[in-house]
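What follows is the content of run.cif, which has mmCIF, C-alpha atoms:
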data_model
#
loop_
_atom_site.label_atom_id
_atom_site.label_comp_id
_atom_site.auth_asym_id
_atom_site.auth_seq_id
_atom_site.Cartn_x
_atom_site.Cartn_y
_atom_site.Cartn_z
CA MET S 67 135.84 66.11 40.06
CA ALA S 68 134.00 67.11 36.90
CA ASP S 69 134.78 70.48 35.36
CA LEU S 70 131.81 72.84 35.89
CA THR S 71 133.37 75.70 33.97
CA ALA S 72 130.74 77.10 31.62
CA ASN S 73 131.09 78.87 28.30
CA PHE S 74 127.67 80.09 27.27
CA ILE S 75 127.78 81.85 23.88
CA GLY S 76 131.30 83.00 24.67
CA ILE S 77 130.42 84.20 28.18
CA LYS S 78 132.59 82.32 30.64
CA SER S 79 131.75 81.60 34.27
CA PRO S 80 133.15 79.20 36.89
CA ASN S 81 129.86 77.28 36.95
CA PRO S 82 126.58 77.29 34.97
CA PHE S 83 124.49 78.74 37.80
CA TRP S 84 123.36 82.33 37.25
CA LEU S 85 120.91 84.47 39.19
CA ALA S 86 118.01 85.60 37.01
CA SER S 87 117.03 89.20 36.42
CA ALA S 88 114.97 89.98 39.53
CA PRO S 89 115.21 91.66 42.97
CA PRO S 90 118.32 89.59 43.93
CA THR S 91 120.27 91.30 41.12
CA ASP S 92 118.96 94.84 41.51
CA LYS S 93 122.14 96.41 42.89
CA ALA S 94 125.82 95.90 43.52
CA TYR S 95 125.37 94.93 47.17
CA ASN S 96 123.27 91.88 46.31
CA VAL S 97 125.38 90.85 43.33
CA ILE S 98 128.62 91.03 45.33
CA ARG S 99 127.07 88.86 48.06
CA ALA S 100 126.03 86.38 45.38
CA PHE S 101 129.53 86.24 43.91
CA GLU S 102 131.07 85.84 47.35
CA ALA S 103 128.72 82.89 47.91
CA GLY S 104 129.91 81.26 44.68
CA TRP S 105 127.38 82.05 41.94
CA GLY S 106 128.83 81.86 38.43
CA GLY S 107 126.99 84.86 37.05
CA VAL S 108 124.02 87.18 37.22
CA VAL S 109 121.56 88.81 34.90
CA TRP S 110 121.26 92.33 36.29
CA LYS S 111 117.70 93.38 37.01
CA THR S 112 116.04 94.93 33.97
CA LEU S 113 117.13 98.47 33.14
CA GLY S 114 114.87 100.94 31.34
CA GLU S 115 115.50 104.11 29.40
CA ASP S 116 116.82 107.27 31.04
CA GLY S 117 113.59 109.17 31.49
CA PRO S 118 110.66 109.41 33.89
CA PRO S 119 111.39 107.14 36.86
CA VAL S 120 109.71 103.79 37.26
CA VAL S 121 107.54 103.80 40.39
CA ASN S 122 106.77 100.51 42.14
CA VAL S 123 103.93 100.02 44.61
CA SER S 124 104.89 100.32 48.26
CA GLY S 125 102.21 97.86 49.32
CA PRO S 126 102.55 94.08 48.92
CA ARG S 127 104.45 93.09 45.77
CA TYR S 128 104.43 89.33 46.36
CA ASP S 129 101.90 86.65 47.14
CA THR S 130 102.66 83.02 47.88
CA LEU S 131 101.19 79.59 47.32
CA TYR S 132 102.23 77.36 50.21
CA GLY S 133 102.44 73.64 50.74
CA LYS S 134 100.99 72.09 53.89
CA ASP S 135 104.35 72.52 55.62
CA ARG S 136 104.40 76.18 54.54
CA SER S 137 107.03 75.46 51.93
CA VAL S 138 106.89 77.86 48.99
CA ILE S 139 105.28 76.17 45.99
CA GLY S 140 104.78 79.29 43.89
CA LEU S 141 105.39 83.01 44.11
CA ASN S 142 103.46 85.78 42.40
CA ASN S 143 104.96 89.24 41.96
CA ILE S 144 103.70 92.57 40.65
CA GLU S 145 107.06 94.33 40.79
CA LEU S 146 108.21 96.32 37.79
CA ILE S 147 111.70 96.73 36.32
CA THR S 148 114.35 98.54 38.37
CA ASP S 149 113.24 101.81 39.95
CA ARG S 150 116.83 102.90 40.49
CA PRO S 151 118.37 105.56 38.18
CA LEU S 152 119.91 104.18 35.00
CA GLU S 153 123.23 105.91 35.60
CA THR S 154 123.50 104.45 39.10
CA ASN S 155 122.96 100.94 37.76
CA LEU S 156 125.48 101.42 34.95
CA GLN S 157 128.15 102.65 37.36
CA GLU S 158 127.61 99.71 39.69
CA ILE S 159 127.67 97.19 36.83
CA ALA S 160 131.00 98.58 35.63
CA GLN S 161 132.51 98.48 39.12
CA VAL S 162 131.34 94.95 39.91
CA LYS S 163 132.62 93.66 36.57
CA ARG S 164 136.04 95.20 37.25
CA ASP S 165 136.14 93.62 40.69
CA TRP S 166 134.87 90.20 39.56
CA PRO S 167 136.24 89.67 36.05
CA ASP S 168 135.79 85.89 36.15
CA ARG S 169 132.02 86.11 36.76
CA ALA S 170 129.36 86.56 34.10
CA ILE S 171 127.39 89.80 34.14
CA VAL S 172 124.57 90.05 31.62
CA VAL S 173 122.34 93.13 31.64
CA SER S 174 118.58 92.78 31.15
CA LEU S 175 117.01 95.57 29.10
CA MET S 176 113.51 96.81 28.38
CA VAL S 177 112.78 100.03 26.52
CA PRO S 178 109.95 101.12 24.20
CA CYS S 179 109.62 99.18 20.96
CA GLU S 180 111.32 101.96 18.98
CA GLU S 181 114.64 101.65 17.18
CA SER S 182 115.91 104.94 18.58
CA ALA S 183 115.32 103.82 22.19
CA TRP S 184 117.35 100.63 21.74
CA LYS S 185 120.05 102.45 19.79
CA ALA S 186 120.44 104.91 22.67
CA ILE S 187 120.77 102.48 25.56
CA LEU S 188 122.94 99.76 24.01
CA PRO S 189 126.23 101.73 23.89
CA LYS S 190 125.78 102.76 27.52
CA VAL S 191 125.54 99.12 28.57
CA GLU S 192 128.44 98.12 26.36
CA ASP S 193 130.63 100.76 28.04
CA THR S 194 130.21 99.04 31.42
CA GLY S 195 132.22 96.03 30.29
CA ALA S 196 129.22 93.73 30.75
CA ASP S 197 129.43 90.34 29.03
CA GLY S 198 126.08 90.43 27.25
CA ILE S 199 122.53 91.70 27.17
CA GLU S 200 119.22 89.96 27.76
CA LEU S 201 116.16 91.40 26.03
CA ASN S 202 113.23 91.24 28.43
CA PHE S 203 110.35 90.20 26.18
CA GLY S 204 108.64 88.33 28.98
CA CYS S 205 107.46 90.53 31.86
CA PRO S 206 103.68 89.93 31.93
CA HIS S 207 102.49 92.77 34.14
CA GLY S 208 102.78 96.52 34.35
CA MET S 209 105.37 97.03 31.65
CA SER S 210 103.40 94.93 29.13
CA GLU S 211 100.53 97.37 29.53
CA ARG S 212 102.92 100.05 28.31
CA GLY S 213 103.77 98.18 25.12
CA MET S 214 106.90 96.46 26.43
CA GLY S 215 107.78 93.09 27.95
CA ALA S 216 105.34 90.33 27.06
CA SER S 217 103.42 92.55 24.65
CA VAL S 218 106.55 92.42 22.46
CA GLY S 219 107.35 88.79 23.20
CA GLN S 220 103.88 87.66 22.12
CA VAL S 221 104.41 88.97 18.59
CA PRO S 222 107.14 87.01 16.76
CA GLU S 223 107.58 89.80 14.20
CA TYR S 224 108.43 92.23 17.00
CA VAL S 225 110.81 89.73 18.59
CA GLU S 226 112.69 89.38 15.31
CA MET S 227 112.72 93.11 14.65
CA VAL S 228 114.04 94.24 18.05
CA THR S 229 116.59 91.42 18.16
CA ALA S 230 117.91 92.54 14.79
CA TRP S 231 118.20 96.13 16.03
CA CYS S 232 120.23 95.01 19.04
CA LYS S 233 122.54 92.86 16.95
CA HIS S 234 123.08 95.81 14.64
CA TYR S 235 123.80 98.40 17.33
CA SER S 236 125.78 96.31 19.83
CA ARG S 237 128.77 93.99 19.73
CA LEU S 238 127.61 92.18 22.85
CA PRO S 239 126.02 88.72 22.72
CA VAL S 240 122.23 89.00 22.67
CA ILE S 241 120.02 86.68 24.73
CA VAL S 242 116.28 86.92 24.09
CA LYS S 243 114.10 86.19 27.13
CA LEU S 244 110.87 84.53 26.00
CA THR S 245 107.41 84.82 27.48
CA PRO S 246 105.48 81.63 28.32
CA ASN S 247 102.21 83.53 27.90
CA ILE S 248 101.83 82.41 24.32
CA THR S 249 100.29 79.42 22.54
CA ASP S 250 103.52 77.99 21.11
CA ILE S 251 106.84 79.34 22.38
CA ARG S 252 108.68 77.89 19.40
CA HIS S 253 107.37 80.69 17.19
CA SER S 254 109.06 83.27 19.43
CA ALA S 255 112.28 81.26 19.58
CA ARG S 256 112.37 80.93 15.80
CA ALA S 257 111.81 84.68 15.47
CA ALA S 258 114.68 85.38 17.85
CA LYS S 259 116.95 83.16 15.80
CA ARG S 260 115.91 84.86 12.56
CA GLY S 261 116.75 88.19 14.19
CA GLY S 262 120.26 86.96 14.93
CA ALA S 263 119.93 86.14 18.63
CA ASP S 264 122.92 84.38 20.14
CA ALA S 265 120.67 82.51 22.59
CA VAL S 266 117.27 82.47 24.25
CA SER S 267 116.40 82.35 27.94
CA MET S 268 113.15 80.80 29.07
CA ILE S 269 110.75 81.02 30.67
CA ASN S 270 109.72 84.32 32.13
CA THR S 271 106.87 84.42 34.64
CA ILE S 272 103.34 83.21 33.92
CA ASN S 273 100.24 85.42 34.14
CA SER S 274 98.49 84.69 37.41
CA ILE S 275 96.11 85.78 40.12
CA MET S 276 97.07 83.96 43.29
CA SER S 277 94.01 84.18 45.48
CA VAL S 278 91.09 86.21 46.78
CA ASP S 279 91.08 87.70 50.26
CA LEU S 280 87.65 86.53 51.39
CA ASN S 281 87.47 89.17 54.12
CA GLN S 282 88.01 92.05 51.70
CA LEU S 283 86.61 90.19 48.66
CA ALA S 284 89.59 91.48 46.72
CA ILE S 285 92.36 89.67 44.87
CA THR S 286 95.80 89.45 46.42
CA PRO S 287 98.24 91.07 46.70
CA THR S 288 95.85 93.90 47.53
CA VAL S 289 97.15 97.44 47.20
CA GLY S 290 94.70 99.93 48.66
CA GLY S 291 91.72 97.69 47.91
CA LYS S 292 92.75 96.86 44.34
CA GLY S 293 94.90 94.15 42.80
CA THR S 294 96.27 93.11 39.45
CA HIS S 295 97.56 90.00 37.73
CA GLY S 296 101.22 89.26 38.31
CA GLY S 297 103.99 86.93 37.26
CA TYR S 298 103.99 83.39 38.65
CA CYS S 299 107.27 81.60 39.37
CA GLY S 300 108.79 79.03 41.71
CA PRO S 301 108.73 75.21 41.90
CA ALA S 302 105.19 75.00 40.53
CA VAL S 303 106.20 76.34 37.11
CA LYS S 304 109.07 73.88 36.57
CA PRO S 305 107.06 71.32 34.56
CA ILE S 306 105.78 74.07 32.25
CA ALA S 307 109.26 75.48 31.79
CA MET S 308 110.74 72.04 31.10
CA HIS S 309 108.14 71.37 28.41
CA MET S 310 108.93 74.64 26.68
CA VAL S 311 112.70 74.18 26.91
CA ALA S 312 112.39 70.69 25.44
CA ASP S 313 110.15 71.97 22.64
CA VAL S 314 112.72 74.54 21.57
CA ALA S 315 115.67 72.18 22.07
CA ARG S 316 114.25 69.61 19.65
CA ASP S 317 112.74 72.04 17.14
CA PRO S 318 114.55 71.69 13.78
CA ASP S 319 114.13 75.43 13.14
CA CYS S 320 115.91 76.24 16.42
CA GLN S 321 118.84 73.87 16.02
CA GLY S 322 122.06 75.45 17.26
CA LEU S 323 120.24 78.06 19.36
CA PRO S 324 121.61 77.84 22.94
CA ILE S 325 119.12 77.95 25.82
CA SER S 326 119.46 79.44 29.29
CA ALA S 327 116.76 77.73 31.38
CA ILE S 328 114.62 79.50 33.98
CA GLY S 329 111.63 78.26 35.94
CA GLY S 330 111.39 76.61 39.35
CA ILE S 331 115.03 75.60 39.66
CA SER S 332 115.57 75.02 43.36
CA ASN S 333 118.42 72.51 43.62
CA TRP S 334 121.06 70.64 41.64
CA ARG S 335 118.57 68.02 40.46
CA ASP S 336 116.31 70.64 38.88
CA ALA S 337 119.28 72.25 37.17
CA THR S 338 120.60 68.92 35.93
CA GLU S 339 117.21 67.99 34.47
CA PHE S 340 117.00 71.26 32.56
CA MET S 341 120.48 70.81 31.17
CA ALA S 342 119.71 67.23 30.15
CA ILE S 343 116.77 68.44 28.06
CA GLY S 344 118.80 71.04 26.23
CA ALA S 345 119.77 74.00 28.41
CA SER S 346 123.42 75.07 28.46
CA ASN S 347 123.08 76.92 31.74
CA VAL S 348 120.38 77.85 34.25
CA GLN S 349 119.08 80.93 35.99
CA VAL S 350 117.63 80.93 39.52
CA CYS S 351 115.45 83.43 41.35
CA THR S 352 112.67 82.18 43.64
CA ALA S 353 114.82 79.61 45.44
CA ALA S 354 117.42 82.27 46.22
CA MET S 355 114.70 84.63 47.48
CA THR S 356 113.33 81.83 49.65
CA TYR S 357 116.52 80.32 51.08
CA GLY S 358 119.33 82.80 50.36
CA PHE S 359 122.42 82.69 48.18
CA LYS S 360 124.11 79.79 49.99
CA ILE S 361 121.95 77.30 48.08
CA ILE S 362 124.68 77.55 45.46
CA ASP S 363 126.79 75.15 47.58
CA ASP S 364 124.28 72.32 47.08
CA MET S 365 123.94 73.11 43.39
CA VAL S 366 127.65 73.05 42.65
CA ASP S 367 128.38 70.01 44.80
CA GLY S 368 125.37 68.03 43.57
CA LEU S 369 125.96 68.68 39.88
CA SER S 370 129.65 67.87 40.21
CA ARG S 371 128.93 64.57 41.96
CA PHE S 372 126.29 63.66 39.39
CA LEU S 373 128.67 64.22 36.49
CA ASP S 374 131.29 62.14 38.26
CA SER S 375 128.79 59.32 38.82
CA LYS S 376 128.00 59.30 35.10
CA GLN S 377 131.67 59.62 34.16
CA MET S 378 130.94 62.88 32.36
CA PRO S 379 134.08 65.02 32.40
CA SER S 380 132.31 68.30 31.68
CA LEU S 381 128.94 69.95 31.13
CA ASP S 382 129.07 69.31 27.39
CA ALA S 383 128.33 65.62 27.91
CA LEU S 384 125.19 66.45 29.90
CA VAL S 385 123.63 69.19 27.79
CA GLY S 386 120.85 67.73 25.65
CA ALA S 387 121.46 64.12 26.71
CA ALA S 388 117.75 63.54 27.37
CA VAL S 389 116.41 65.35 24.30
CA PRO S 390 116.24 62.15 22.17
CA SER S 391 113.83 60.69 24.75
CA VAL S 392 111.27 63.43 24.05
CA THR S 393 108.80 62.57 21.30
CA ASP S 394 105.20 63.08 20.24
CA TRP S 395 102.47 60.83 21.63
CA GLN S 396 101.93 59.10 18.29
CA TYR S 397 105.44 57.62 18.45
CA LEU S 398 105.07 56.00 21.89
CA ASN S 399 105.45 52.22 22.11
CA LEU S 400 101.99 50.71 22.51
CA ASN S 401 103.56 47.29 23.12
CA TYR S 402 105.02 48.56 26.38
CA VAL S 403 102.93 47.23 29.29
CA VAL S 404 103.34 47.80 33.04
CA LYS S 405 101.30 46.78 36.05
CA ALA S 406 101.28 48.14 39.58
CA GLN S 407 102.63 46.15 42.51
CA ILE S 408 102.49 46.62 46.27
CA ASP S 409 105.33 45.91 48.66
CA GLN S 410 103.31 44.38 51.48
CA ASP S 411 106.17 44.86 53.94
CA LEU S 412 106.01 48.62 53.44
CA CYS S 413 102.24 48.98 53.12
CA ILE S 414 100.66 50.85 56.07
CA LYS S 415 97.11 49.79 55.10
CA CYS S 416 95.89 53.37 54.69
CA GLY S 417 93.77 52.47 51.67
CA ARG S 418 94.49 55.60 49.65
CA CYS S 419 95.48 53.58 46.60
CA TYR S 420 92.26 51.56 46.78
CA ILE S 421 90.03 54.62 47.20
CA ALA S 422 91.68 56.52 44.35
CA CYS S 423 91.57 53.56 41.98
CA GLU S 424 88.04 52.48 42.96
CA ASP S 425 86.50 55.95 42.78
CA THR S 426 88.36 57.57 39.92
CA SER S 427 90.24 55.03 37.84
CA HIS S 428 90.05 51.36 36.84
CA GLN S 429 88.90 49.39 39.92
CA ALA S 430 92.17 47.44 39.75
CA ILE S 431 92.86 47.17 43.50
CA THR S 432 90.97 44.74 45.73
CA ALA S 433 90.39 45.33 49.43
CA THR S 434 90.10 42.35 51.78
CA GLN S 435 90.72 41.39 55.38
CA VAL S 436 93.73 39.22 56.29
CA ASN S 437 94.20 38.26 59.95
CA GLY S 438 91.90 41.09 60.94
CA GLU S 439 93.83 43.72 58.98
CA ARG S 440 93.01 45.50 55.75
CA HIS S 441 94.86 44.02 52.81
CA TYR S 442 95.20 45.35 49.27
CA GLU S 443 96.16 43.52 46.09
CA ILE S 444 96.49 44.51 42.44
CA ASN S 445 94.08 42.96 39.95
CA ASP S 446 96.37 42.62 36.93
CA LYS S 447 93.46 42.08 34.57
CA GLU S 448 92.06 45.54 35.29
CA CYS S 449 95.32 47.43 35.94
CA VAL S 450 96.39 49.65 33.03
CA GLY S 451 99.62 50.86 34.64
CA CYS S 452 98.42 54.46 34.87
CA ASN S 453 100.68 55.18 37.89
CA LEU S 454 98.00 56.99 39.91
CA CYS S 455 98.37 54.65 42.89
CA VAL S 456 102.15 55.08 42.85
CA SER S 457 101.74 58.86 42.69
CA ILE S 458 99.42 59.18 45.69
CA CYS S 459 100.88 56.48 47.96
CA PRO S 460 102.28 58.22 51.08
CA VAL S 461 105.03 55.61 51.57
CA GLU S 462 108.03 55.91 49.27
CA ASP S 463 108.73 52.75 47.24
CA CYS S 464 105.70 50.95 48.63
CA MET S 465 104.03 50.96 45.25
CA SER S 466 105.84 50.64 41.94
CA LEU S 467 105.36 49.51 38.36
CA ARG S 468 106.72 46.35 36.82
CA GLN S 469 107.00 45.76 33.11
CA LEU S 470 105.56 42.81 31.23
CA ASN S 471 106.99 41.15 28.17
CA SER S 472 104.16 41.76 25.75
CA GLU S 473 103.18 41.75 22.14
CA VAL S 474 100.08 42.46 20.09
CA ASP S 475 98.09 39.54 18.67
CA THR S 476 97.83 40.49 15.00
CA ARG S 477 94.55 38.58 14.63
CA THR S 478 92.66 40.27 17.45
CA GLY S 479 94.68 43.45 17.98
CA LYS S 480 94.74 42.68 21.71
CA MET S 481 97.78 42.69 23.96
CA VAL S 482 99.24 39.32 24.89
CA SER S 483 101.30 39.46 28.08
CA GLY S 484 104.15 37.18 29.05
CA GLU S 485 106.54 37.01 32.00
CA TYR S 486 107.06 39.87 34.39
CA LEU S 487 110.33 41.75 34.25
CA ASN S 488 112.05 43.29 37.25
CA TRP S 489 111.02 46.92 36.82
CA THR S 490 113.80 48.23 39.04
CA GLN S 491 116.37 46.82 36.59
CA HIS S 492 114.58 47.75 33.39
CA PRO S 493 116.50 50.24 31.20
CA ASN S 494 113.45 52.49 30.88
CA ASN S 495 113.32 52.98 34.61
CA PRO S 496 114.85 56.46 35.20
CA MET S 497 116.33 55.25 38.49
CA SER S 498 118.11 52.24 36.97
#

Just give me the structure of the file as structure tokens.
Amino acid sequence: MADLTANFIGIKSPNPFWLASAPPTDKAYNVIRAFEAGWGGVVWKTLGEDGPPVVNVSGPRYDTLYGKDRSVIGLNNIELITDRPLETNLQEIAQVKRDWPDRAIVVSLMVPCEESAWKAILPKVEDTGADGIELNFGCPHGMSERGMGASVGQVPEYVEMVTAWCKHYSRLPVIVKLTPNITDIRHSARAAKRGGADAVSMINTINSIMSVDLNQLAITPTVGGKGTHGGYCGPAVKPIAMHMVADVARDPDCQGLPISAIGGISNWRDATEFMAIGASNVQVCTAAMTYGFKIIDDMVDGLSRFLDSKQMPSLDALVGAAVPSVTDWQYLNLNYVVKAQIDQDLCIKCGRCYIACEDTSHQAITATQVNGERHYEINDKECVGCNLCVSICPVEDCMSLRQLNSEVDTRTGKMVSGEYLNWTQHPNNPMS
């Protein structure tokens, strides 16, 4: 089987799956359970300076966006960094690292944006034997209102400055955790690189208000009648995270900057996709909080089987393999033409494709009666291959796209279509 051993900026782990800095990594008990289950590493929940204790709310800290089957689509949290004493955390980190020397332990840090504060905490972390540090420049709630977290990550000059301090005062590899609550995340990544960062991790949670309790007329989670914005994570943020990872991976100014991907990773497929668009490893949180640590079995087995199927001997062959496919809209091939098609044997005659196309798109599906039953056909002349019908069809593989041989008539500028190709065998089909 493929070798899943990971070496991320010199930090070795038996696989590329780490738990992100969050409640699952808040203490030794959880981390040991994770390692026993098979996780390759953890980023210990964010530590703060040794001073006045952090106090979390005792009311609801989470709110959830559910699918119709009550599956977790997104999770919002208003929890702060660790509320456990710094010394307790440091002792536990040191002990766990001694007991599990083959696993990666990176420590997340957040202290005031002052050189003296970073200078003070870095040696204490280094003394634990931890493998690296992650600078939490992403937390969007609570701590950002105190001048930390995202309030630092949103200012590239601050990102560069604090990163440089940490590289100066510590020998440990420095990972900079980036906030998505910014117009263009590449500016933050470039700043981290200028500051000497060994890698970036992305993305942290997204500013969000989940819902309003219509009985109380108050936002949720409601703590004593009041609420606040929180950090959004889970499967719903994956597309946003993938876009940002791909942007940094293909940015010329960020070349050579390793990426640890975070954001909606729930299974081996999600992880593999992130690695294909440039991440060297991945961090998981919401899925572990939803289903428990044993999800690592599916992740390890699935990724290993995928690499074997592609005859990739190690992770190196996968990382960044899909980056060349990412481009700007202006470079897309306008000679590429597809049309929808319906597998009549699979069609259940529900009419959703017809309604969606007729009401909101291009009126490219005709509805008739055949032998007393509803019957739907694609009108190729009107179909633009937008994929809406394929997206909303409730029957898998009933609707698909087929490619046409096509070229542009230089006299008229219009598309001239030729023979249909078998879409399922076309090299641009991701399932081929």

Selection near S:Ala255, 12 Å with all atoms listed in the file, sequence-local residues under 5 positions removed, as a VMD selection string: chain S and resid 203 219 to 226 229 241 to 246 248 250 260 to 269 310 to 311 313 to 325

Once the PyMOL selection byres ((chain S and resi 358) around 12) has been applied to the shown file, what residues remain in the selection, as a ChimeraX atom specification? /S:85,90,96,99-100,103,105,332,350-357,359-363

Provide the atom CA of S:Ser277 to atom CA of S:Ser124 distance in Å, to one decimal place. 19.7 Å

Give the padded box for stretch 247-262 of chain S as AutoDock Vina command-line options: axis-aligned, covering all atoms listed in the file, 3 Å on each side, centre and edge lengths in Å to one decimal.
--center_x 110.3 --center_y 83.0 --center_z 20.2 --size_x 26.0 --size_y 16.3 --size_z 21.3

Computed interatomic separation between atom CA of S:Glu115 and atom CA of S:Leu238 (Å):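 We find that atom CA of S:Glu115 and atom CA of S:Leu238 lie 18.2 Å from each other.
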
Just to confirm, what's the straight-line distance from atom CA of S:Ala383 to atom CA of S:His309 in Å (one decimal)?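 Computed distance, atom CA of S:Ala383 to atom CA of S:His309, equals 21.0 Å.
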
Would you fill out stretch 287-304 of chain S with N, CA and C atoms and return it as a short mmCIF file (atom, residue, chain, number, x, y, z; two decimals), in the coordinates of the input?
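Saved as selection.cif:
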data_model
loop_
_atom_site.label_atom_id
_atom_site.label_comp_id
_atom_site.auth_asym_id
_atom_site.auth_seq_id
_atom_site.Cartn_x
_atom_site.Cartn_y
_atom_site.Cartn_z
N PRO S 287 98.07 90.08 45.64
CA PRO S 287 98.24 91.07 46.70
C PRO S 287 97.35 92.29 46.48
N THR S 288 96.79 92.78 47.58
CA THR S 288 95.85 93.90 47.53
C THR S 288 96.58 95.19 47.88
N VAL S 289 96.51 96.15 46.99
CA VAL S 289 97.15 97.44 47.20
C VAL S 289 96.06 98.50 47.28
N GLY S 290 95.73 98.92 48.50
CA GLY S 290 94.70 99.93 48.66
C GLY S 290 93.34 99.49 48.15
N GLY S 291 93.03 98.19 48.31
CA GLY S 291 91.72 97.69 47.91
C GLY S 291 91.64 97.17 46.49
N LYS S 292 92.72 97.33 45.72
CA LYS S 292 92.75 96.86 44.34
C LYS S 292 93.92 95.90 44.14
N GLY S 293 93.80 95.05 43.14
CA GLY S 293 94.90 94.15 42.80
C GLY S 293 95.02 94.01 41.31
N THR S 294 96.06 93.33 40.88
CA THR S 294 96.27 93.11 39.45
C THR S 294 96.94 91.76 39.25
N HIS S 295 96.86 91.26 38.02
CA HIS S 295 97.56 90.00 37.73
C HIS S 295 99.06 90.23 37.85
N GLY S 296 99.77 89.17 38.17
CA GLY S 296 101.22 89.26 38.31
C GLY S 296 101.91 88.13 37.59
N GLY S 297 103.20 87.97 37.88
CA GLY S 297 103.99 86.93 37.26
C GLY S 297 104.23 85.79 38.23
N TYR S 298 103.91 84.58 37.81
CA TYR S 298 103.99 83.39 38.65
C TYR S 298 105.30 82.66 38.41
N CYS S 299 105.98 82.28 39.48
CA CYS S 299 107.27 81.60 39.37
C CYS S 299 107.41 80.63 40.54
N GLY S 300 108.55 79.96 40.62
CA GLY S 300 108.79 79.03 41.71
C GLY S 300 108.63 77.59 41.28
N PRO S 301 108.75 76.64 42.23
CA PRO S 301 108.73 75.21 41.90
C PRO S 301 107.54 74.78 41.06
N ALA S 302 106.39 75.42 41.25
CA ALA S 302 105.19 75.00 40.53
C ALA S 302 105.28 75.19 39.03
N VAL S 303 106.13 76.09 38.55
CA VAL S 303 106.20 76.34 37.11
C VAL S 303 107.24 75.47 36.41
N LYS S 304 108.00 74.69 37.18
CA LYS S 304 109.07 73.88 36.57
C LYS S 304 108.58 72.97 35.46
#
